[in-house]
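**Q** After the structure tokens below, expect a handful of questions from me.
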4 protein chains.
Amino acid sequence: MKTILLTGFEPFGGECINPSWEIARALDGQLIGDARIVAKCLPCVFGGALTSMREALHQLKPCLVLALGQAGGRAELSLERVAVNIDDARISDNAGHKPIDEAVIEGAPVAYFSSLPIKAMAAGLREAGFPVGISQTAGTFVCNHVYFGLQHYLRDSPVRSGFMHIPLLPEQAAKFPGQASMALATMVDGVRVALNIALHSGADLRESGGTIC
Amino acid sequence: MKTILLTGFEPFGGECINPSWEIARALDGQLIGDARIVAKCLPCVFGGALTSMREALHQLKPCLVLALGQAGGRAELSLERVAVNIDDARISDNAGHKPIDEAVIEGAPVAYFSSLPIKAMAAGLREAGFPVGISQTAGTFVCNHVYFGLQHYLRDSPVRSGFMHIPLLPEQAAKFPGQASMALATMVDGVRVALNIALHSGADLRESGGTIC
Amino acid sequence: MKTILLTGFEPFGGECINPSWEIARALDGQLIGDARIVAKCLPCVFGGALTSMREALHQLKPCLVLALGQAGGRAELSLERVAVNIDDARISDNAGHKPIDEAVIEGAPVAYFSSLPIKAMAAGLREAGFPVGISQTAGTFVCNHVYFGLQHYLRDSPVRSGFMHIPLLPEQAAKFPGQASMALATMVDGVRVALNIALHSGADLRESGGTIC
Amino acid sequence: MKTILLTGFEPFGGECINPSWEIARALDGQLIGDARIVAKCLPCVFGGALTSMREALHQLKPCLVLALGQAGGRAELSLERVAVNIDDARISDNAGHKPIDEAVIEGAPVAYFSSLPIKAMAAGLREAGFPVGISQTAGTFVCNHVYFGLQHYLRDSPVRSGFMHIPLLPEQAAKFPGQASMALATMVDGVRVALNIALHSGADLRESGGTIC
């Protein structure tokens with residue numbers, strides 16, 4: 001049976017829950033078409049997260065990979081277009097490291113595009129009633145770090161891979177005035193819809209998902 | 001048996017659903033302590049909405065009133081502190097009216113405060129994991145109109161009454177890039193928690209819920 | 001000669017400059033039509049600010065009063081529609097006081113409207129190229145406190161009075177990522193335009209300046 | 001004498017002014033150290049803008065290049081970290097073209113980093129009192145298009161080059177409620193400070209300018 005690798009992160013930044021992992025483990029073992037989802041929890045650690053990702057890729061040989069990450073301040077499911085070869089941390093990771101302007105992988109290209117059909121996924125999610133957008137930056141913290149490494153490891157592979165940022169849970173947002181959130185059930189349903197499109201759609205749609213600036 | 005009046009609005013502004021009414025009807029008939037919730041749907045019409053509200057107050061003689069209204073752009077449950085005696089519409093209501101700088105009720109005071117224990121409700125909702133805030137303005141459209149009328153009708157009554165703005169549903173927010181939303185289930189649970197506090201708490205808490213500007 | 005009273009505040013909240021006072025003193029002594037601007041600096045102190053305001057009103061017998069206040073987070077000149085009889089501080093004032101849910105003036109009404117022609121001022125400023133808006137809340141800190149007191153003192157007077165919030169200066173915004181600002185020269189010019197309209201226009205314009213929520 | 005190439009854009013998107021060009025022409029001919037600024041106005045046209053940029057590089061052989069672009073919605077001077085090899089337009093350019101998911105330059109890398117000392121420039125601008133930030137995305141419209149082409153043309157050159165997004169002018173922001181702006185004089189001064197740092201600083205500072213997501 002084919003395998004879909006779905007990763008989330010452990011909590012970071014003082015939180016005691018990370019919705020990216022809650023979504024992944026809620027979908028662990030479920031079927032999308034003829035493929036089974038396998039969920040992996042990555043440490044929120046520069047370097048360590050990539051070691052875990054590489055091991056999972058090696059062990060599972062997935063047909064599709066989606067990495068999820070928590071994005072405080074965003075209100076929608078956010079499909080990342082591009083991963084950049086830079087670590088520039090504003091806060092420490094869970095091992096106390098705070099790299100500034102270091103390459104994710106020395107000698108690798110400056111950036112990789114997502115190999116997921118992000119326009120088709122955005123269109124399908126929107127049609128199904130999920131708030132969704134194309135994002136032009138995954139930041140410069142551990143999310144982008146993992147995303148860049150993932151795209152680098154699979155750069156010569158036909159396996160589609162990419163990254164989706166997701167909002168805080170309501171109980172996390174409750175601690176910050178005016179903060180956007182999304183219910184776990186909504187996010188779990190949305191990720192399932194997204195995986196289904198990623199698995200079954202052919203070439204990506206050609207519709208605008210850009211920003212002026 | 002005692003009655004809690006919970007109002008929502010019909011859809012407006014081109015929407016075909018209004019989460020305020022979806023919440024209210026989901027709770028219609030449910031018990032909070034020894035009081036039963038009765039849901040009423042108000043037209044999104046200046047004047048007409050107040051006629052409906054007044055009839056409901058007269059007919060039901062509720063022990064508590066909470067009016068709900070949709071607030072596109074807000075991310076949290078939003079307890080309104082003050083209702084202002086002004087109608088100033090940016091868009092037409094559902095009857096095609098667009099009043100500018102008219103009094104809600106001629107000869108009435110400039111404003112009324114909520115008579116709900118909004119600080120206790122905010123604290124209780126936050127503790128229960130709901131994103132919530134105190135808002136200093138309910139706008140100048142039909143929501144504020146209904147809120148002002150409600151407070152005016154009950155100005156000499158011991159019955160507590162007030163207004164809560166609530167975010168868009170995910171399927172509404174899906175149409176607008178970057179828009180915040182909240183799942184119906186989250187909002188239904190939150191309103192139930194809020195009503196329970198409003199019904200059972202005594203004097204309001206004394207904790208800051210203000211804004212600098 | 002007639003007098004226009006233009007007030008600003010001393011710095012607060014850890015700042016060492018307050019643009020509201022910088023604007024006021026830049027315009028001190030200037031003529032608008034046949035009236036001379038007199039600038040007064042108010043302490044950022046509950047109670048004390050109102051004492052200063054009342055003394056200035058008594059001493060100057062102005063024909064027009066505009067109070068200015070700094071609004072971190074706002075990007076435009078912001079004409080306040082309504083002052084509310086509530087003090088609810090998130091931070092301490094400059095005397096260390098932090099009132100919660102106290103009346104500005106016991107026994108006074110819940111709110112007063114601005115008696116300035118705010119719609120005409122907004123239209124004139126916009127036409128002259130200044131970012132401007134009508135605001136439905138002046139907050140619940142010392143700005144609203146002064147605004148409420150001002151409107152209360154002049155409640156039976158034909159003298160027009162009101163409040164304008166103004167953005168941070170660029171050098172203040174430089175300390176906060178993504179914060180909006182406005183150059184002092186722009187704000188000084190804008191306040192002069194606003195005062196000229198307030199002094200010379202008759203009844204206010206009837207154009208929408210409301211918000212839906 | 002050495003030459004600094006400073007480019008701006010013609011107006012686009014229905015505007016009749018573009019602050020990026022107003023800044024550039026205000027600085028045209030001025031000296032920064034021993035180098036003279038030469039301003040060039042680029043058409044807001046995919047392809048055409050790059051032709052103009054390449055001609056200017058060829059003709060002027062500058063020692064430093066800064067391209068400026070208008071960023072409606074941003075409140076600060078925004079130093080772009082990375083240019084991406086993608087055109088994805090939400091609106092048509094000034095020639096009526098609206099490319100979707102096309103490469104800026106076929107066969108070129110996915111992205112280039114700025115070769116300006118953006119951390120030193122941000123630190124210097126902040127210290128001098130200018131609102132400034134590091135941005136992780138220059139969008140996917142003509143600004144990013146020009147930025148990517150510029151970095152590609154100079155990829156093997158020691159000449160430093162990069163892109164700065166700048167806010168709307170107050171008179172532009174006046175047309176949109178709540179929109180941030182910056183005075184032309186502030187932006188002209190800020191760009192001069194930025195160019196001076198770019199010309200004279202050595203290796204870039206090592207301080208965080210990243211984002212979590």
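Naming scheme: A, B, ... for chains in displayed order of the structure tokens; residues 1 onward per chain; ligands 1 onward as shown.
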Give me, as CSV, each residue of chain D that comes within 10 Å of chain A, together with its shortest interatomic pair and the distance in Å at one decimal, counting only C-alpha atoms, with rows ordered by chain and rising residue number.
**A**
residue,atom,partner,partner_atom,distance
D:Gly69,CA,A:Cys213,CA,8.8
D:Gln70,CA,A:Cys213,CA,8.1
D:Ala71,CA,A:Cys213,CA,5.7
D:Gly72,CA,A:Cys213,CA,7.7
D:Gly73,CA,A:Cys213,CA,8.7
D:Arg74,CA,A:Cys213,CA,8.7
D:Val82,CA,A:Val84,CA,8.4
D:Ala83,CA,A:Ala111,CA,9.8
D:Val84,CA,A:Ala111,CA,8.1
D:Asn85,CA,A:Phe113,CA,9.5
D:Ile86,CA,A:Gly210,CA,9.3
D:Asp87,CA,A:Gly210,CA,8.0
D:Asp88,CA,A:Gly210,CA,4.9
D:Ala89,CA,A:Gly210,CA,5.7
D:Arg90,CA,A:Ser208,CA,5.9
D:Ile91,CA,A:Ile212,CA,8.1
D:Lys98,CA,A:Ser208,CA,8.8
D:Pro99,CA,A:Ser208,CA,8.4
D:Ile100,CA,A:Ser208,CA,5.7
D:Asp101,CA,A:Arg206,CA,7.2
D:Glu102,CA,A:Arg206,CA,9.8
D:Pro109,CA,A:Pro109,CA,7.7
D:Val110,CA,A:Ala111,CA,5.6
D:Ala111,CA,A:Ala111,CA,5.6
D:Tyr112,CA,A:Val110,CA,6.2
D:Phe113,CA,A:Val110,CA,7.2
D:Lys119,CA,A:Asp101,CA,9.9
D:Ser135,CA,A:Thr137,CA,9.4
D:Gln136,CA,A:Thr137,CA,6.2
D:Thr137,CA,A:Thr137,CA,6.1
D:Ala138,CA,A:Cys213,CA,5.2
D:Gly139,CA,A:Cys213,CA,4.1
D:Thr140,CA,A:Gly210,CA,5.4
D:Phe141,CA,A:Ile212,CA,5.0
D:Val142,CA,A:Ile212,CA,7.7
D:Cys143,CA,A:Cys213,CA,7.4
D:Asn144,CA,A:Cys213,CA,7.9
D:His165,CA,A:Cys213,CA,8.0
D:Leu205,CA,A:Asp101,CA,9.7
D:Arg206,CA,A:Ile100,CA,6.5
D:Glu207,CA,A:Ile100,CA,6.5
D:Ser208,CA,A:Ile100,CA,5.7
D:Gly209,CA,A:Asp88,CA,6.7
D:Gly210,CA,A:Asp88,CA,4.9
D:Thr211,CA,A:Gly139,CA,5.0
D:Ile212,CA,A:Phe141,CA,5.0
D:Cys213,CA,A:Gly139,CA,4.1
**Q** What's around Val132 in chain B at 6 Å? Count only C-alpha atoms, leave out sequence neighbours fewer than 4 positions away in its own chain, and write the answer as a PyMOL selection string.
**A** chain B and resi 76-78
**Q** Near Leu150 in chain A, within 12 Å and counting only C-alpha atoms, which residues show up once chain neighbours fewer than 3 positions away are dropped, as an MDAnalysis selection string?
**A** chainID A and resid 5:7 49:58 64:68 82:85 104:105 111:115 143:147 153:157 159:163
**Q** Filtering to N, CA and C atoms, could you give me those residues as a compact mmCIF listing (two decimals), in the first residue's frame?
**A**
# COMPACT_ATOMS: atom_id res chain seq x y z
N LEU A 5 3.15 10.72 3.73
CA LEU A 5 3.80 11.20 4.96
C LEU A 5 3.22 12.57 5.32
N LEU A 6 2.69 12.66 6.52
CA LEU A 6 2.11 13.91 7.01
C LEU A 6 2.82 14.26 8.31
N THR A 7 3.58 15.35 8.30
CA THR A 7 4.32 15.70 9.51
C THR A 7 3.71 16.91 10.21
N ALA A 49 15.08 18.52 13.35
CA ALA A 49 13.83 18.33 12.60
C ALA A 49 14.13 17.71 11.23
N LEU A 50 15.23 18.14 10.62
CA LEU A 50 15.58 17.62 9.30
C LEU A 50 16.07 16.17 9.38
N THR A 51 16.78 15.84 10.44
CA THR A 51 17.20 14.45 10.63
C THR A 51 15.98 13.55 10.71
N SER A 52 14.98 13.97 11.47
CA SER A 52 13.74 13.18 11.59
C SER A 52 13.03 13.08 10.25
N MET A 53 12.97 14.19 9.53
CA MET A 53 12.30 14.18 8.23
C MET A 53 13.01 13.21 7.27
N ARG A 54 14.34 13.27 7.26
CA ARG A 54 15.08 12.43 6.33
C ARG A 54 14.90 10.95 6.67
N GLU A 55 14.90 10.64 7.95
CA GLU A 55 14.66 9.26 8.37
C GLU A 55 13.27 8.78 7.95
N ALA A 56 12.30 9.64 8.11
CA ALA A 56 10.93 9.24 7.74
C ALA A 56 10.83 9.00 6.24
N LEU A 57 11.47 9.87 5.45
CA LEU A 57 11.44 9.69 4.00
C LEU A 57 12.10 8.37 3.61
N HIS A 58 13.22 8.09 4.27
CA HIS A 58 13.98 6.89 3.95
C HIS A 58 13.19 5.63 4.32
N LEU A 64 3.71 10.83 -1.39
CA LEU A 64 3.28 12.23 -1.23
C LEU A 64 3.71 12.68 0.16
N VAL A 65 4.19 13.91 0.27
CA VAL A 65 4.59 14.43 1.59
C VAL A 65 3.99 15.82 1.81
N LEU A 66 3.31 15.97 2.93
CA LEU A 66 2.85 17.31 3.33
C LEU A 66 3.35 17.57 4.75
N ALA A 67 4.11 18.65 4.89
CA ALA A 67 4.55 19.07 6.22
C ALA A 67 3.64 20.20 6.68
N LEU A 68 3.22 20.12 7.94
CA LEU A 68 2.33 21.13 8.53
C LEU A 68 3.09 21.92 9.58
N VAL A 82 7.13 28.63 -1.73
CA VAL A 82 8.58 28.58 -1.89
C VAL A 82 9.29 28.41 -0.55
N ALA A 83 10.33 27.57 -0.55
CA ALA A 83 11.17 27.35 0.62
C ALA A 83 12.53 27.99 0.35
N VAL A 84 13.06 28.70 1.31
CA VAL A 84 14.28 29.49 1.10
C VAL A 84 15.41 28.95 1.97
N ASN A 85 16.61 28.96 1.42
CA ASN A 85 17.77 28.35 2.08
C ASN A 85 18.38 29.28 3.13
N VAL A 104 20.29 26.70 5.43
CA VAL A 104 19.67 25.45 5.90
C VAL A 104 20.59 24.30 5.51
N ILE A 105 20.99 24.29 4.24
CA ILE A 105 21.91 23.26 3.74
C ILE A 105 22.97 23.96 2.91
N ALA A 111 16.60 28.51 -3.20
CA ALA A 111 15.20 28.22 -2.91
C ALA A 111 14.69 27.06 -3.74
N TYR A 112 13.59 26.47 -3.28
CA TYR A 112 12.83 25.48 -4.05
C TYR A 112 11.37 25.88 -4.04
N PHE A 113 10.71 25.59 -5.15
CA PHE A 113 9.26 25.73 -5.17
C PHE A 113 8.61 24.49 -4.59
N SER A 114 7.41 24.63 -4.08
CA SER A 114 6.58 23.49 -3.74
C SER A 114 6.38 22.64 -4.99
N SER A 115 6.35 21.34 -4.84
CA SER A 115 5.99 20.49 -5.97
C SER A 115 4.56 19.97 -5.85
N CYS A 143 9.96 26.00 10.53
CA CYS A 143 9.02 25.57 9.48
C CYS A 143 9.68 25.65 8.11
N ASN A 144 10.24 26.80 7.80
CA ASN A 144 10.90 26.96 6.50
C ASN A 144 12.10 26.03 6.39
N HIS A 145 12.79 25.84 7.50
CA HIS A 145 13.95 24.95 7.58
C HIS A 145 13.57 23.53 7.13
N VAL A 146 12.51 23.01 7.71
CA VAL A 146 12.05 21.66 7.36
C VAL A 146 11.56 21.61 5.91
N TYR A 147 10.84 22.64 5.53
CA TYR A 147 10.29 22.71 4.18
C TYR A 147 11.43 22.71 3.16
N TYR A 153 15.75 17.17 -0.35
CA TYR A 153 15.90 15.71 -0.36
C TYR A 153 15.16 15.09 -1.55
N LEU A 154 14.04 15.68 -1.92
CA LEU A 154 13.20 15.10 -2.98
C LEU A 154 13.39 15.82 -4.31
N ARG A 155 14.49 16.59 -4.44
CA ARG A 155 14.64 17.46 -5.63
C ARG A 155 14.70 16.68 -6.93
N ASP A 156 15.17 15.46 -6.89
CA ASP A 156 15.26 14.66 -8.11
C ASP A 156 14.21 13.55 -8.15
N SER A 157 13.24 13.66 -7.27
CA SER A 157 12.23 12.60 -7.15
C SER A 157 10.91 13.08 -7.77
N VAL A 159 8.15 12.43 -6.45
CA VAL A 159 7.22 12.52 -5.31
C VAL A 159 6.90 13.98 -5.02
N ARG A 160 5.61 14.28 -4.97
CA ARG A 160 5.19 15.65 -4.67
C ARG A 160 5.34 15.93 -3.17
N SER A 161 5.82 17.13 -2.86
CA SER A 161 5.98 17.50 -1.46
C SER A 161 5.81 18.99 -1.29
N GLY A 162 5.44 19.37 -0.08
CA GLY A 162 5.27 20.80 0.19
C GLY A 162 4.87 21.05 1.63
N PHE A 163 4.50 22.29 1.90
CA PHE A 163 4.27 22.75 3.27
C PHE A 163 2.98 23.54 3.35
**Q** Where in range 99-156 of chain A does DSSP assign strand (DSSP E or B), given as a PyMOL selection string?
**A** chain A and resi 100-102+111-113+132-135
**Q** Counting only C-alpha atoms, what is within 12 Å of Glu22 in chain B, bar same-chain residues fewer than 5 positions away, as a VMD selection string?
**A** chain B and resid 6 to 11 16 to 17 27 to 28 39 to 41 68 to 70 166 168 to 169 183 to 185 187 to 188 191
**Q** Please indicate the distance in Å from CA of Pro62 in chain C to CA of His152 in chain C, rounded to one decimal place.
**A**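 So the answer is 15.3 Å.
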**Q** Using CA of Ala198 in chain D and CA of Ala108 in chain D as the two end points, give the distance in Å to one decimal.
**A** 25.9 Å
**Q** Enumerate, as a ChimeraX atom specification, the complete set of residues in range 43-172 of chain C that a backbone-based DSSP assignment places in helix (DSSP H, G or I).
**A** /C:48-60,118-127,142-153,170-172
**Q** Please save N, CA, C and O atoms of the selected residues as a short mmCIF file (atom, residue, chain, number, x, y, z; two decimals), in the first residue's frame.
**A**
data_model
loop_
_atom_site.label_atom_id
_atom_site.label_comp_id
_atom_site.auth_asym_id
_atom_site.auth_seq_id
_atom_site.Cartn_x
_atom_site.Cartn_y
_atom_site.Cartn_z
N GLY C 48 -6.08 64.86 36.56
CA GLY C 48 -5.21 66.01 36.33
C GLY C 48 -5.37 66.61 34.94
O GLY C 48 -5.35 67.83 34.76
N ALA C 49 -5.54 65.75 33.95
CA ALA C 49 -5.72 66.24 32.59
C ALA C 49 -7.00 67.07 32.48
O ALA C 49 -7.04 68.11 31.80
N LEU C 50 -8.03 66.64 33.19
CA LEU C 50 -9.30 67.37 33.13
C LEU C 50 -9.24 68.69 33.88
O LEU C 50 -9.85 69.68 33.48
N THR C 51 -8.49 68.70 34.96
CA THR C 51 -8.30 69.96 35.69
C THR C 51 -7.64 70.98 34.78
O THR C 51 -8.07 72.14 34.68
N SER C 52 -6.61 70.55 34.07
CA SER C 52 -5.92 71.46 33.14
C SER C 52 -6.85 71.91 32.03
O SER C 52 -6.84 73.08 31.63
N MET C 53 -7.62 70.99 31.51
CA MET C 53 -8.55 71.34 30.42
C MET C 53 -9.57 72.38 30.91
O MET C 53 -9.83 73.37 30.23
N ARG C 54 -10.11 72.14 32.10
CA ARG C 54 -11.13 73.05 32.61
C ARG C 54 -10.55 74.45 32.85
O ARG C 54 -11.19 75.45 32.54
N GLU C 55 -9.35 74.49 33.38
CA GLU C 55 -8.70 75.79 33.59
C GLU C 55 -8.47 76.52 32.27
O GLU C 55 -8.69 77.72 32.16
N ALA C 56 -8.05 75.76 31.26
CA ALA C 56 -7.80 76.39 29.96
C ALA C 56 -9.10 76.94 29.37
O ALA C 56 -9.14 78.04 28.80
N LEU C 57 -10.17 76.17 29.51
CA LEU C 57 -11.47 76.63 28.99
C LEU C 57 -11.89 77.91 29.70
O LEU C 57 -12.39 78.86 29.08
N HIS C 58 -11.71 77.91 31.03
CA HIS C 58 -12.13 79.04 31.84
C HIS C 58 -11.33 80.29 31.50
O HIS C 58 -11.88 81.39 31.35
N GLN C 59 -10.04 80.09 31.33
CA GLN C 59 -9.13 81.21 31.13
C GLN C 59 -9.21 81.78 29.72
O GLN C 59 -9.18 82.99 29.51
N LEU C 60 -9.37 80.89 28.73
CA LEU C 60 -9.25 81.32 27.33
C LEU C 60 -10.59 81.61 26.67
O LEU C 60 -10.64 82.32 25.68
N ILE C 118 -17.59 66.66 11.93
CA ILE C 118 -16.56 65.66 11.61
C ILE C 118 -16.66 65.12 10.19
O ILE C 118 -15.65 64.76 9.60
N LYS C 119 -17.85 65.09 9.64
CA LYS C 119 -17.98 64.60 8.26
C LYS C 119 -17.41 65.64 7.28
O LYS C 119 -16.74 65.27 6.31
N ALA C 120 -17.65 66.89 7.54
CA ALA C 120 -17.09 67.94 6.68
C ALA C 120 -15.57 67.98 6.84
O ALA C 120 -14.84 68.19 5.85
N MET C 121 -15.10 67.81 8.04
CA MET C 121 -13.65 67.80 8.26
C MET C 121 -13.00 66.61 7.55
O MET C 121 -11.96 66.74 6.92
N ALA C 122 -13.63 65.45 7.65
CA ALA C 122 -13.08 64.26 6.99
C ALA C 122 -13.06 64.45 5.47
O ALA C 122 -12.07 64.15 4.80
N ALA C 123 -14.17 64.98 4.94
CA ALA C 123 -14.24 65.18 3.49
C ALA C 123 -13.19 66.19 3.02
O ALA C 123 -12.52 66.00 2.01
N GLY C 124 -13.05 67.27 3.76
CA GLY C 124 -12.08 68.31 3.38
C GLY C 124 -10.65 67.82 3.49
O GLY C 124 -9.81 68.11 2.61
N LEU C 125 -10.37 67.08 4.53
CA LEU C 125 -9.02 66.53 4.69
C LEU C 125 -8.70 65.53 3.58
O LEU C 125 -7.62 65.54 3.00
N ARG C 126 -9.66 64.68 3.27
CA ARG C 126 -9.45 63.66 2.23
C ARG C 126 -9.20 64.35 0.89
O ARG C 126 -8.27 63.99 0.16
N GLU C 127 -10.01 65.34 0.61
CA GLU C 127 -9.85 66.07 -0.65
C GLU C 127 -8.49 66.76 -0.72
O GLU C 127 -7.89 66.86 -1.79
N VAL C 142 -6.73 57.90 28.90
CA VAL C 142 -6.78 59.33 29.20
C VAL C 142 -7.30 60.17 28.03
O VAL C 142 -7.90 61.22 28.23
N CYS C 143 -7.11 59.71 26.81
CA CYS C 143 -7.64 60.44 25.66
C CYS C 143 -9.16 60.56 25.74
O CYS C 143 -9.73 61.65 25.64
N ASN C 144 -9.81 59.43 25.91
CA ASN C 144 -11.27 59.45 26.02
C ASN C 144 -11.72 60.21 27.26
O ASN C 144 -12.74 60.92 27.24
N HIS C 145 -10.96 60.09 28.31
CA HIS C 145 -11.23 60.79 29.57
C HIS C 145 -11.30 62.31 29.35
O HIS C 145 -12.26 62.98 29.76
N VAL C 146 -10.28 62.83 28.69
CA VAL C 146 -10.23 64.27 28.40
C VAL C 146 -11.35 64.66 27.45
O VAL C 146 -12.01 65.70 27.61
N TYR C 147 -11.56 63.83 26.45
CA TYR C 147 -12.59 64.11 25.45
C TYR C 147 -13.97 64.16 26.12
O TYR C 147 -14.76 65.09 25.89
N PHE C 148 -14.23 63.19 26.99
CA PHE C 148 -15.53 63.17 27.67
C PHE C 148 -15.70 64.42 28.55
O PHE C 148 -16.74 65.08 28.53
N GLY C 149 -14.67 64.73 29.32
CA GLY C 149 -14.75 65.90 30.19
C GLY C 149 -14.97 67.18 29.37
O GLY C 149 -15.82 68.02 29.72
N LEU C 150 -14.24 67.31 28.30
CA LEU C 150 -14.38 68.48 27.43
C LEU C 150 -15.83 68.63 26.94
O LEU C 150 -16.41 69.72 27.01
N GLN C 151 -16.39 67.54 26.47
CA GLN C 151 -17.75 67.62 25.93
C GLN C 151 -18.75 67.90 27.06
O GLN C 151 -19.75 68.60 26.85
N HIS C 152 -18.46 67.39 28.25
CA HIS C 152 -19.35 67.64 29.38
C HIS C 152 -19.30 69.11 29.80
O HIS C 152 -20.34 69.74 30.01
N TYR C 153 -18.11 69.68 29.87
CA TYR C 153 -17.98 71.08 30.29
C TYR C 153 -18.69 72.01 29.32
O TYR C 153 -19.24 73.04 29.70
N PRO C 170 7.31 58.93 12.77
CA PRO C 170 8.20 57.89 12.23
C PRO C 170 9.24 57.41 13.24
O PRO C 170 9.50 56.21 13.37
N GLU C 171 9.83 58.34 14.01
CA GLU C 171 10.89 57.92 14.94
C GLU C 171 10.33 57.10 16.10
O GLU C 171 11.07 56.34 16.73
N GLN C 172 9.05 57.25 16.39
CA GLN C 172 8.44 56.36 17.39
C GLN C 172 8.14 55.00 16.78
O GLN C 172 8.39 53.96 17.38
#
